[in-house]
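Participant: Dropping in coords-v4.cif, which is mmCIF, C-alpha atoms:
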```cif
data_entry
#
loop_
_atom_site.group_PDB
_atom_site.id
_atom_site.type_symbol
_atom_site.label_atom_id
_atom_site.label_comp_id
_atom_site.auth_asym_id
_atom_site.auth_seq_id
_atom_site.Cartn_x
_atom_site.Cartn_y
_atom_site.Cartn_z
ATOM 1 C CA MET A 1 27.374 20.517 -13.268
ATOM 2 C CA THR A 2 25.815 17.377 -11.828
ATOM 3 C CA SER A 3 27.130 13.921 -12.488
ATOM 4 C CA ALA A 4 25.225 11.653 -14.860
ATOM 5 C CA ALA A 5 22.757 9.160 -13.413
ATOM 6 C CA PRO A 6 23.821 5.513 -13.487
ATOM 7 C CA ALA A 7 22.888 3.773 -16.718
ATOM 8 C CA SER A 8 20.899 1.117 -14.862
ATOM 9 C CA ILE A 9 18.611 3.797 -13.406
ATOM 10 C CA LEU A 10 18.130 5.507 -16.744
ATOM 11 C CA ALA A 11 17.395 2.207 -18.444
ATOM 12 C CA SER A 12 14.799 0.810 -16.123
ATOM 13 C CA GLY A 13 13.767 3.176 -13.352
ATOM 14 C CA THR A 14 13.245 0.161 -11.119
ATOM 15 C CA GLN A 15 14.740 -0.775 -7.777
ATOM 16 C CA PRO A 16 18.278 -2.231 -7.777
ATOM 17 C CA LYS A 17 18.604 -5.914 -8.583
ATOM 18 C CA ALA A 18 19.472 -6.641 -4.967
ATOM 19 C CA LEU A 19 18.202 -4.647 -2.011
ATOM 20 C CA PRO A 20 20.741 -4.175 0.787
ATOM 21 C CA PRO A 21 20.204 -6.328 3.904
ATOM 22 C CA ILE A 22 18.729 -3.484 5.970
ATOM 23 C CA LEU A 23 15.872 -5.492 7.522
ATOM 24 C CA VAL A 24 17.857 -8.470 8.791
ATOM 25 C CA GLY A 25 16.374 -9.855 11.992
ATOM 26 C CA ARG A 26 12.995 -8.197 11.548
ATOM 27 C CA ARG A 27 9.692 -10.045 11.244
ATOM 28 C CA ALA A 28 7.048 -8.405 9.091
ATOM 29 C CA VAL A 29 3.390 -8.982 8.312
ATOM 30 C CA VAL A 30 2.146 -7.845 4.898
ATOM 31 C CA THR A 31 -1.539 -7.825 3.968
ATOM 32 C CA GLY A 32 -2.758 -8.117 0.395
ATOM 33 C CA ALA A 33 0.393 -10.124 -0.265
ATOM 34 C CA ALA A 34 -0.893 -12.579 -2.866
ATOM 35 C CA ARG A 35 -0.386 -10.239 -5.793
ATOM 36 C CA GLY A 36 0.309 -6.701 -6.939
ATOM 37 C CA MET A 37 1.943 -4.213 -4.609
ATOM 38 C CA GLY A 38 1.431 -6.403 -1.552
ATOM 39 C CA LYS A 39 3.336 -9.286 -3.115
ATOM 40 C CA ALA A 40 6.093 -6.974 -4.325
ATOM 41 C CA ILE A 41 6.443 -5.526 -0.825
ATOM 42 C CA ALA A 42 6.578 -8.962 0.791
ATOM 43 C CA ASP A 43 9.197 -10.075 -1.739
ATOM 44 C CA ALA A 44 11.263 -6.922 -1.172
ATOM 45 C CA PHE A 45 11.162 -7.314 2.618
ATOM 46 C CA GLU A 46 12.489 -10.846 2.279
ATOM 47 C CA GLU A 47 15.173 -9.672 -0.129
ATOM 48 C CA ALA A 48 16.208 -7.062 2.458
ATOM 49 C CA GLY A 49 16.596 -9.787 5.090
ATOM 50 C CA ALA A 50 13.266 -9.814 6.937
ATOM 51 C CA SER A 51 11.131 -12.853 7.599
ATOM 52 C CA VAL A 52 7.637 -12.223 6.225
ATOM 53 C CA VAL A 53 4.180 -13.483 7.076
ATOM 54 C CA ARG A 54 1.984 -12.987 4.027
ATOM 55 C CA LEU A 55 -1.764 -12.435 4.358
ATOM 56 C CA ASP A 56 -4.482 -12.216 1.739
ATOM 57 C CA VAL A 57 -8.206 -12.813 1.524
ATOM 58 C CA LYS A 58 -7.503 -16.139 -0.193
ATOM 59 C CA GLY A 59 -4.661 -18.207 1.186
ATOM 60 C CA ASP A 60 -2.367 -20.739 -0.438
ATOM 61 C CA GLU A 61 0.770 -22.619 0.535
ATOM 62 C CA ASN A 62 2.663 -19.336 0.979
ATOM 63 C CA VAL A 63 -0.134 -17.017 2.088
ATOM 64 C CA ILE A 64 -2.339 -17.135 5.191
ATOM 65 C CA ALA A 65 -6.017 -16.470 4.516
ATOM 66 C CA CYS A 66 -7.230 -13.318 6.284
ATOM 67 C CA ASP A 67 -10.192 -11.126 5.371
ATOM 68 C CA VAL A 68 -9.160 -7.667 6.579
ATOM 69 C CA SER A 69 -12.787 -6.501 6.567
ATOM 70 C CA ASN A 70 -13.767 -9.220 9.055
ATOM 71 C CA GLU A 71 -13.046 -8.426 12.691
ATOM 72 C CA GLU A 72 -12.752 -12.006 13.877
ATOM 73 C CA SER A 73 -10.562 -13.030 10.940
ATOM 74 C CA VAL A 74 -8.114 -10.205 11.661
ATOM 75 C CA ARG A 75 -8.113 -10.781 15.431
ATOM 76 C CA ARG A 76 -7.573 -14.536 15.130
ATOM 77 C CA THR A 77 -4.875 -14.252 12.466
ATOM 78 C CA PHE A 78 -2.761 -11.658 14.252
ATOM 79 C CA LYS A 79 -3.085 -13.465 17.566
ATOM 80 C CA ALA A 80 -1.673 -16.630 15.977
ATOM 81 C CA ILE A 81 1.134 -14.698 14.288
ATOM 82 C CA ALA A 82 2.093 -12.965 17.542
ATOM 83 C CA GLU A 83 2.073 -16.237 19.449
ATOM 84 C CA ALA A 84 4.624 -17.577 16.964
ATOM 85 C CA GLY A 85 7.029 -14.685 17.489
ATOM 86 C CA ALA A 86 7.425 -10.928 17.848
ATOM 87 C CA ILE A 87 6.118 -8.712 15.049
ATOM 88 C CA ASP A 88 8.385 -5.808 14.072
ATOM 89 C CA ASP A 89 6.654 -4.364 11.022
ATOM 90 C CA ILE A 90 3.107 -4.402 9.677
ATOM 91 C CA VAL A 91 2.505 -3.226 6.122
ATOM 92 C CA HIS A 92 -1.169 -2.933 5.264
ATOM 93 C CA ALA A 93 -1.511 -3.128 1.480
ATOM 94 C CA ALA A 94 -4.858 -4.921 1.066
ATOM 95 C CA ALA A 95 -7.390 -2.838 -0.868
ATOM 96 C CA ILE A 96 -10.049 -2.935 -3.569
ATOM 97 C CA ALA A 97 -11.299 -0.400 -6.106
ATOM 98 C CA VAL A 98 -14.707 -0.137 -7.755
ATOM 99 C CA VAL A 99 -14.962 2.737 -10.210
ATOM 100 C CA SER A 100 -18.366 4.262 -10.823
ATOM 101 C CA SER A 101 -20.073 7.611 -10.746
ATOM 102 C CA VAL A 102 -21.695 8.401 -7.418
ATOM 103 C CA GLU A 103 -25.031 8.522 -9.211
ATOM 104 C CA ASP A 104 -24.710 4.952 -10.475
ATOM 105 C CA MET A 105 -22.826 3.295 -7.625
ATOM 106 C CA SER A 106 -24.763 0.897 -5.449
ATOM 107 C CA ALA A 107 -24.702 1.288 -1.692
ATOM 108 C CA ALA A 108 -23.295 -2.244 -1.550
ATOM 109 C CA ASP A 109 -20.283 -1.318 -3.716
ATOM 110 C CA PHE A 110 -19.649 1.821 -1.671
ATOM 111 C CA THR A 111 -19.881 -0.092 1.599
ATOM 112 C CA ARG A 112 -17.592 -2.843 0.329
ATOM 113 C CA GLN A 113 -14.831 -0.356 -0.437
ATOM 114 C CA ILE A 114 -15.194 1.306 2.944
ATOM 115 C CA ASP A 115 -15.194 -2.113 4.647
ATOM 116 C CA VAL A 116 -12.014 -3.336 2.956
ATOM 117 C CA ASN A 117 -10.049 -0.120 2.572
ATOM 118 C CA LEU A 118 -10.977 1.870 5.672
ATOM 119 C CA LYS A 119 -12.500 -0.529 8.170
ATOM 120 C CA GLY A 120 -9.787 -3.019 7.224
ATOM 121 C CA SER A 121 -7.144 -0.415 7.999
ATOM 122 C CA PHE A 122 -8.745 0.182 11.383
ATOM 123 C CA LEU A 123 -8.887 -3.533 12.227
ATOM 124 C CA VAL A 124 -5.280 -4.162 11.192
ATOM 125 C CA SER A 125 -4.036 -1.054 13.001
ATOM 126 C CA ARG A 126 -5.840 -2.111 16.165
ATOM 127 C CA GLU A 127 -3.881 -5.369 16.148
ATOM 128 C CA ALA A 128 -0.722 -3.388 15.396
ATOM 129 C CA ALA A 129 -1.355 -1.282 18.488
ATOM 130 C CA ARG A 130 -1.764 -4.462 20.517
ATOM 131 C CA TYR A 131 1.269 -6.373 19.281
ATOM 132 C CA LEU A 132 3.949 -3.999 18.002
ATOM 133 C CA GLN A 133 6.709 -3.075 20.438
ATOM 134 C CA ALA A 134 9.181 -0.198 20.585
ATOM 135 C CA GLY A 135 11.080 -0.014 17.315
ATOM 136 C CA GLY A 136 8.098 -1.313 15.367
ATOM 137 C CA ASN A 137 6.504 0.136 12.252
ATOM 138 C CA LEU A 138 2.957 0.382 10.999
ATOM 139 C CA LEU A 139 2.915 1.317 7.321
ATOM 140 C CA PHE A 140 -0.243 1.935 5.321
ATOM 141 C CA ILE A 141 -0.342 1.708 1.545
ATOM 142 C CA ALA A 142 -2.764 4.555 1.027
ATOM 143 C CA SER A 143 -3.199 6.285 -2.334
ATOM 144 C CA GLN A 144 -2.727 9.454 -4.280
ATOM 145 C CA GLY A 145 -6.530 9.269 -4.391
ATOM 146 C CA GLY A 146 -6.614 10.062 -0.689
ATOM 147 C CA LEU A 147 -5.191 13.493 -1.502
ATOM 148 C CA LYS A 148 -7.088 14.330 -4.691
ATOM 149 C CA ALA A 149 -10.291 12.922 -6.168
ATOM 150 C CA TRP A 150 -11.281 12.211 -9.758
ATOM 151 C CA GLY A 151 -14.646 11.452 -11.316
ATOM 152 C CA LEU A 152 -15.683 7.772 -11.052
ATOM 153 C CA TRP A 153 -13.286 7.259 -8.139
ATOM 154 C CA GLY A 154 -15.369 8.871 -5.391
ATOM 155 C CA ALA A 155 -15.812 5.915 -3.039
ATOM 156 C CA TYR A 156 -12.212 4.752 -3.420
ATOM 157 C CA CYS A 157 -10.834 8.239 -2.826
ATOM 158 C CA ALA A 158 -13.067 8.717 0.206
ATOM 159 C CA SER A 159 -11.864 5.444 1.704
ATOM 160 C CA LYS A 160 -8.201 6.285 1.162
ATOM 161 C CA ALA A 161 -8.590 9.798 2.564
ATOM 162 C CA GLY A 162 -9.929 8.128 5.680
ATOM 163 C CA VAL A 163 -6.850 5.894 5.852
ATOM 164 C CA LEU A 164 -4.588 8.956 5.856
ATOM 165 C CA ARG A 165 -6.479 10.586 8.714
ATOM 166 C CA LEU A 166 -6.445 7.307 10.648
ATOM 167 C CA ALA A 167 -2.672 7.194 10.192
ATOM 168 C CA ASP A 168 -2.381 10.741 11.567
ATOM 169 C CA SER A 169 -4.267 9.773 14.708
ATOM 170 C CA LEU A 170 -2.238 6.612 15.206
ATOM 171 C CA THR A 171 0.988 8.588 14.914
ATOM 172 C CA GLU A 172 -0.012 10.531 18.013
ATOM 173 C CA GLU A 173 -1.131 7.429 19.891
ATOM 174 C CA LEU A 174 1.789 5.117 19.148
ATOM 175 C CA ALA A 175 4.818 7.415 19.033
ATOM 176 C CA PRO A 176 5.156 7.506 22.852
ATOM 177 C CA ARG A 177 5.597 3.727 22.705
ATOM 178 C CA GLY A 178 8.385 3.963 20.128
ATOM 179 C CA ILE A 179 6.237 2.803 17.208
ATOM 180 C CA ARG A 180 6.411 4.734 13.946
ATOM 181 C CA VAL A 181 3.334 5.153 11.732
ATOM 182 C CA ASN A 182 3.684 6.238 8.110
ATOM 183 C CA SER A 183 1.931 5.836 4.800
ATOM 184 C CA ILE A 184 2.790 5.629 1.126
ATOM 185 C CA SER A 185 0.446 7.144 -1.457
ATOM 186 C CA PRO A 186 1.179 5.591 -4.844
ATOM 187 C CA GLY A 187 -0.221 6.902 -8.075
ATOM 188 C CA SER A 188 -1.034 4.448 -10.858
ATOM 189 C CA VAL A 189 0.924 1.206 -10.536
ATOM 190 C CA GLU A 190 1.265 -1.640 -13.045
ATOM 191 C CA THR A 191 -0.966 -4.185 -11.293
ATOM 192 C CA ASP A 192 -4.049 -6.248 -12.055
ATOM 193 C CA MET A 193 -6.096 -3.656 -10.144
ATOM 194 C CA ILE A 194 -5.188 -0.791 -12.472
ATOM 195 C CA SER A 195 -5.824 -2.960 -15.532
ATOM 196 C CA THR A 196 -9.291 -3.832 -14.237
ATOM 197 C CA THR A 197 -10.155 -0.262 -13.352
ATOM 198 C CA ILE A 198 -8.956 1.049 -16.712
ATOM 199 C CA ALA A 199 -11.280 -1.460 -18.377
ATOM 200 C CA ASP A 200 -14.142 -0.292 -16.161
ATOM 201 C CA VAL A 201 -13.472 3.379 -16.861
ATOM 202 C CA ALA A 202 -13.329 2.676 -20.592
ATOM 203 C CA ARG A 203 -16.652 0.844 -20.484
ATOM 204 C CA GLN A 204 -18.402 3.536 -18.456
ATOM 205 C CA THR A 205 -17.108 6.429 -20.563
ATOM 206 C CA GLY A 206 -17.510 4.787 -23.965
ATOM 207 C CA SER A 207 -13.764 4.924 -24.570
ATOM 208 C CA ASP A 208 -11.227 2.271 -25.462
ATOM 209 C CA GLN A 209 -8.766 1.041 -22.862
ATOM 210 C CA GLU A 210 -5.740 2.295 -24.770
ATOM 211 C CA SER A 211 -6.991 5.879 -24.787
ATOM 212 C CA VAL A 212 -7.873 5.750 -21.080
ATOM 213 C CA ARG A 213 -4.420 4.457 -20.242
ATOM 214 C CA ALA A 214 -2.788 7.056 -22.484
ATOM 215 C CA ARG A 215 -4.727 9.811 -20.720
ATOM 216 C CA TYR A 216 -3.606 8.589 -17.311
ATOM 217 C CA GLU A 217 0.016 8.304 -18.431
ATOM 218 C CA ALA A 218 -0.057 11.777 -19.985
ATOM 219 C CA ALA A 219 -0.942 13.230 -16.571
ATOM 220 C CA ILE A 220 2.311 11.865 -15.087
ATOM 221 C CA PRO A 221 5.485 13.902 -15.671
ATOM 222 C CA MET A 222 7.505 10.688 -15.888
ATOM 223 C CA GLY A 223 5.116 9.445 -18.573
ATOM 224 C CA ARG A 224 4.506 5.965 -17.198
ATOM 225 C CA PHE A 225 2.945 4.006 -14.368
ATOM 226 C CA ALA A 226 5.031 2.877 -11.412
ATOM 227 C CA ARG A 227 6.254 -0.678 -11.210
ATOM 228 C CA PRO A 228 5.311 -2.558 -8.021
ATOM 229 C CA GLY A 229 8.967 -2.845 -7.030
ATOM 230 C CA GLU A 230 9.285 0.931 -7.012
ATOM 231 C CA ILE A 231 6.661 1.112 -4.285
ATOM 232 C CA ALA A 232 8.142 -1.871 -2.458
ATOM 233 C CA SER A 233 11.604 -0.335 -2.191
ATOM 234 C CA VAL A 234 10.119 2.758 -0.526
ATOM 235 C CA ALA A 235 8.314 0.515 1.970
ATOM 236 C CA VAL A 236 11.580 -1.246 2.812
ATOM 237 C CA ALA A 237 13.375 2.052 3.369
ATOM 238 C CA ILE A 238 10.632 3.446 5.621
ATOM 239 C CA CYS A 239 10.710 0.410 7.895
ATOM 240 C CA SER A 240 14.511 0.409 8.113
ATOM 241 C CA SER A 241 16.808 2.387 10.404
ATOM 242 C CA LEU A 242 17.504 4.684 7.456
ATOM 243 C CA PHE A 243 14.157 6.357 8.189
ATOM 244 C CA SER A 244 14.358 6.179 11.970
ATOM 245 C CA TYR A 245 13.068 9.747 12.468
ATOM 246 C CA VAL A 246 10.382 9.615 9.788
ATOM 247 C CA ASN A 247 7.057 9.418 11.601
ATOM 248 C CA GLY A 248 3.584 10.611 10.679
ATOM 249 C CA SER A 249 4.629 11.085 7.061
ATOM 250 C CA ASN A 250 2.736 10.322 3.883
ATOM 251 C CA ILE A 251 5.191 9.735 1.065
ATOM 252 C CA VAL A 252 3.674 10.314 -2.372
ATOM 253 C CA VAL A 253 5.141 8.021 -5.041
ATOM 254 C CA ASP A 254 3.364 9.058 -8.228
ATOM 255 C CA GLY A 255 6.015 10.077 -10.746
ATOM 256 C CA GLY A 256 5.241 13.734 -10.052
ATOM 257 C CA GLU A 257 1.557 13.674 -11.012
ATOM 258 C CA LEU A 258 0.340 15.701 -8.026
ATOM 259 C CA SER A 259 2.926 18.377 -8.791
ATOM 260 C CA ARG A 260 0.709 19.540 -11.647
#
```
Translate this file's structure into structure tokens.

Facilitator:
Amino acid sequence: MTSAAPASILASGTQPKALPPILVGRRAVVTGAARGMGKAIADAFEEAGASVVRLDVKGDENVIACDVSNEESVRRTFKAIAEAGAIDDIVHAAAIAVVSSVEDMSAADFTRQIDVNLKGSFLVSREAARYLQAGGNLLFIASQGGLKAWGLWGAYCASKAGVLRLADSLTEELAPRGIRVNSISPGSVETDMISTTIADVARQTGSDQESVRARYEAAIPMGRFARPGEIASVAVAICSSLFSYVNGSNIVVDGGELSR
């Protein structure tokens, strides 16, 4: 007989109220950190003791402006960050999604997703290869969509599949230098992005948003979308000493959806 799960886990399914200080002394860079998963990851890294440099396409008083699809923007931003101090961890969470059938998608929309999601991953990882030292981590926020495709998600899934193969290559290149490369593939997460894409899917299929969301949730054994903090806590663990021998792994965090 197994012991019962703690009531707090059964009640919420979210990360603990306070993450343990397992990243004290580390300096991390998180892209896409203005909102959604990127913001949750940046917040969680700080809670775990790291100092965090937050990047997003639009900056503010807490976020440095950096367009990950622009080579010069990425080069200049990371150079300035590295000049200010050593970088221990880079978490690349910036991404966009445009849902459309292949038949109806414009070449511009396809290219934009490749530029942000795949080219952006290449540009950020190139700076990671230049600035990370032994003991460093490069972590990609990929997607369940990089492992399985669905109708209307073709360009997004193609871009994320490319991210996973890029991560595989980088694992081989950076491991001899003591740098770990891993990825997380979330399923549906409660963010502005999923709300927007659900609305787009509903419009393109002649459905209402509630039925689209219900269909997505029904495909998940746990019956709900992930909360951003549930992805963030996995990112913290991967970049900590707890996962010191985890390298070249893609950790699927989708509530069991791909098990079906």

Participant: Measuring atom to atom with all atoms listed in the file, identify which of A:Gly154, A:Pro228, A:Pro20, A:Gly223 is nearest to Pro186 (chain A).

Facilitator: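 Residue with the minimum atom-to-atom distance to Pro186 (chain A): A:Pro228.
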
Participant: Residues within 7 Å of region 157-164 of chain A, please, as a count of residues only. Count only C-alpha atoms; anything in the same chain fewer than 2 positions from it doesn't count.

Facilitator: 17

Participant: Could you tell me which residues the PyMOL selection byres ((chain A and resi 125) around 10) grabs in this file, written as an mmCIF file with C-alpha atoms, in the frame of the given file?

Facilitator:
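Contents of part-v7.cif, freshly written:
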```
data_model
loop_
_atom_site.group_PDB
_atom_site.id
_atom_site.type_symbol
_atom_site.label_atom_id
_atom_site.label_comp_id
_atom_site.auth_asym_id
_atom_site.auth_seq_id
_atom_site.Cartn_x
_atom_site.Cartn_y
_atom_site.Cartn_z
ATOM 1 C CA ILE A 90 3.107 -4.402 9.677
ATOM 2 C CA VAL A 91 2.505 -3.226 6.122
ATOM 3 C CA HIS A 92 -1.169 -2.933 5.264
ATOM 4 C CA LYS A 119 -12.500 -0.529 8.170
ATOM 5 C CA GLY A 120 -9.787 -3.019 7.224
ATOM 6 C CA SER A 121 -7.144 -0.415 7.999
ATOM 7 C CA PHE A 122 -8.745 0.182 11.383
ATOM 8 C CA LEU A 123 -8.887 -3.533 12.227
ATOM 9 C CA VAL A 124 -5.280 -4.162 11.192
ATOM 10 C CA ARG A 126 -5.840 -2.111 16.165
ATOM 11 C CA GLU A 127 -3.881 -5.369 16.148
ATOM 12 C CA ALA A 128 -0.722 -3.388 15.396
ATOM 13 C CA ALA A 129 -1.355 -1.282 18.488
ATOM 14 C CA ARG A 130 -1.764 -4.462 20.517
ATOM 15 C CA TYR A 131 1.269 -6.373 19.281
ATOM 16 C CA LEU A 132 3.949 -3.999 18.002
ATOM 17 C CA LEU A 138 2.957 0.382 10.999
ATOM 18 C CA LEU A 139 2.915 1.317 7.321
ATOM 19 C CA PHE A 140 -0.243 1.935 5.321
ATOM 20 C CA LEU A 166 -6.445 7.307 10.648
ATOM 21 C CA ALA A 167 -2.672 7.194 10.192
ATOM 22 C CA LEU A 170 -2.238 6.612 15.206
ATOM 23 C CA VAL A 181 3.334 5.153 11.732
#
```

Participant: List, as a list in words, every residue that the PyMOL selection byres ((chain A and resi 258) around 10) selects in the file provided.

Facilitator: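 Selected by the PyMOL selection byres ((chain A and resi 258) around 10) here: Gln144, Leu147, Lys148, Gly187, Ala219, Ile220, Pro221, Val252, Val253, Asp254, Gly255, Gly256, Glu257, Ser259 and Arg260 of chain A.
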
Participant: Within 7 Å of (-8.3, 3.7, -18.2), in the coordinates the file gives, what residues turn up when you count all atoms listed in the file, written out as a ChimeraX atom specification?

Facilitator: /A:197-199,201-202,209,212-213,216

Participant: Could you pull the residues within 10 Å of region 232-242 of chain A, counting only C-alpha atoms, minus those fewer than 6 positions along the same chain, as JSON, numbers by chain?

Facilitator: {"A": [14, 15, 16, 19, 20, 21, 22, 23, 24, 26, 28, 37, 38, 39, 40, 41, 42, 43, 44, 45, 46, 47, 48, 50, 88, 89, 90, 91, 135, 136, 137, 138, 139, 140, 141, 180, 181, 182, 183, 184, 249, 251, 253]}

Participant: Kindly give the distance, in Å, that separates CA of Leu174 (chain A) and CA of Leu55 (chain A), rounded to a single decimal.

Facilitator: 23.2 Å

Participant: Suppose you want the space between CA of Arg35 (chain A) and CA of Ser101 (chain A); what is it in Å?

Facilitator: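 Atom-to-atom, CA of Arg35 (chain A) to CA of Ser101 (chain A), that is 27.0 Å.
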
Participant: Determine the nearest neighbour of Glu190 (chain A) from the options A:Arg177, A:Arg27, A:Arg227, A:Arg112, counting all atoms listed in the file.

Facilitator: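 The shortest atom-to-atom distance to Glu190 (chain A) comes from A:Arg227.
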
Participant: With 8 Å of padding per side, what axis-aligned box (centre and edge lengths, Å, one decimal) covers all the listed atoms of region 91-94 of chain A? Give it as JSON.

Facilitator:
```
{"center_x": -1.2, "center_y": -3.9, "center_z": 3.6, "size_x": 23.4, "size_y": 18.0, "size_z": 21.1}
```

Participant: Please report the interatomic distance between CA of Val52 (chain A) and CA of Gly36 (chain A) in Å with one decimal.

Facilitator: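 CA of Gly36 (chain A) lies 16.0 Å from CA of Val52 (chain A).
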
Participant: Taking all atoms listed in the file into account, which of A:Val53, A:Val246, A:Ala18, A:Ala93 comes nearest Ala65 (chain A)?

Facilitator: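 Residue with the minimum atom-to-atom distance to Ala65 (chain A): A:Val53.
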
Participant: May I ask which of the residues A:Ser169, A:Thr196, A:Thr111, A:Ser211 is the closest one to Tyr156 (chain A), counting all atoms listed in the file?

Facilitator: A:Thr111

Participant: So, counting only C-alpha atoms, which residue among A:Ala134, A:Met222, A:Ala82, A:Val116 is closest to Ala175 (chain A)?

Facilitator: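 When distances to Ala175 (chain A) are compared using only C-alpha atoms, the smallest one comes from A:Ala134.
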
Participant: Got a minute to add N, CA and C atoms to region 76-98 of chain A and dump it as a compact mmCIF listing (two decimals), in the coordinates of the input?

Facilitator:
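Saved as result_17.txt:
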```
# COMPACT_ATOMS: atom_id res chain seq x y z
N ARG A 76 -8.08 -13.17 15.01
CA ARG A 76 -7.57 -14.54 15.13
C ARG A 76 -6.23 -14.69 14.42
N THR A 77 -6.10 -14.11 13.24
CA THR A 77 -4.88 -14.25 12.47
C THR A 77 -3.70 -13.58 13.16
N PHE A 78 -3.87 -12.37 13.61
CA PHE A 78 -2.76 -11.66 14.25
C PHE A 78 -2.40 -12.27 15.60
N LYS A 79 -3.37 -12.80 16.30
CA LYS A 79 -3.08 -13.46 17.57
C LYS A 79 -2.17 -14.67 17.33
N ALA A 80 -2.49 -15.46 16.29
CA ALA A 80 -1.67 -16.63 15.98
C ALA A 80 -0.27 -16.22 15.53
N ILE A 81 -0.18 -15.16 14.74
CA ILE A 81 1.13 -14.70 14.29
C ILE A 81 1.97 -14.23 15.47
N ALA A 82 1.37 -13.48 16.38
CA ALA A 82 2.09 -12.96 17.54
C ALA A 82 2.51 -14.08 18.49
N GLU A 83 1.71 -15.11 18.59
CA GLU A 83 2.07 -16.24 19.45
C GLU A 83 3.28 -16.99 18.90
N ALA A 84 3.49 -16.89 17.59
CA ALA A 84 4.62 -17.58 16.96
C ALA A 84 5.92 -16.77 17.03
N GLY A 85 5.83 -15.51 17.41
CA GLY A 85 7.03 -14.68 17.49
C GLY A 85 6.70 -13.21 17.43
N ALA A 86 7.64 -12.37 17.84
CA ALA A 86 7.42 -10.93 17.85
C ALA A 86 7.22 -10.39 16.43
N ILE A 87 6.37 -9.38 16.33
CA ILE A 87 6.12 -8.71 15.05
C ILE A 87 6.81 -7.35 15.09
N ASP A 88 7.67 -7.08 14.12
CA ASP A 88 8.38 -5.81 14.07
C ASP A 88 7.72 -4.79 13.14
N ASP A 89 7.21 -5.27 12.03
CA ASP A 89 6.65 -4.36 11.02
C ASP A 89 5.33 -4.92 10.49
N ILE A 90 4.37 -4.04 10.31
CA ILE A 90 3.11 -4.40 9.68
C ILE A 90 2.89 -3.45 8.51
N VAL A 91 2.77 -4.02 7.32
CA VAL A 91 2.50 -3.23 6.12
C VAL A 91 1.12 -3.61 5.62
N HIS A 92 0.22 -2.65 5.65
CA HIS A 92 -1.17 -2.93 5.26
C HIS A 92 -1.39 -2.47 3.83
N ALA A 93 -1.39 -3.44 2.91
CA ALA A 93 -1.51 -3.13 1.48
C ALA A 93 -2.82 -3.61 0.87
N ALA A 94 -3.62 -4.38 1.61
CA ALA A 94 -4.86 -4.92 1.07
C ALA A 94 -5.84 -3.80 0.73
N ALA A 95 -6.43 -3.86 -0.46
CA ALA A 95 -7.39 -2.84 -0.87
C ALA A 95 -8.15 -3.31 -2.09
N ILE A 96 -9.29 -2.69 -2.34
CA ILE A 96 -10.05 -2.94 -3.57
C ILE A 96 -10.45 -1.60 -4.17
N ALA A 97 -10.82 -1.61 -5.44
CA ALA A 97 -11.30 -0.40 -6.11
C ALA A 97 -12.47 -0.76 -7.00
N VAL A 98 -13.55 -0.02 -6.86
CA VAL A 98 -14.71 -0.14 -7.76
C VAL A 98 -14.95 1.26 -8.31
```
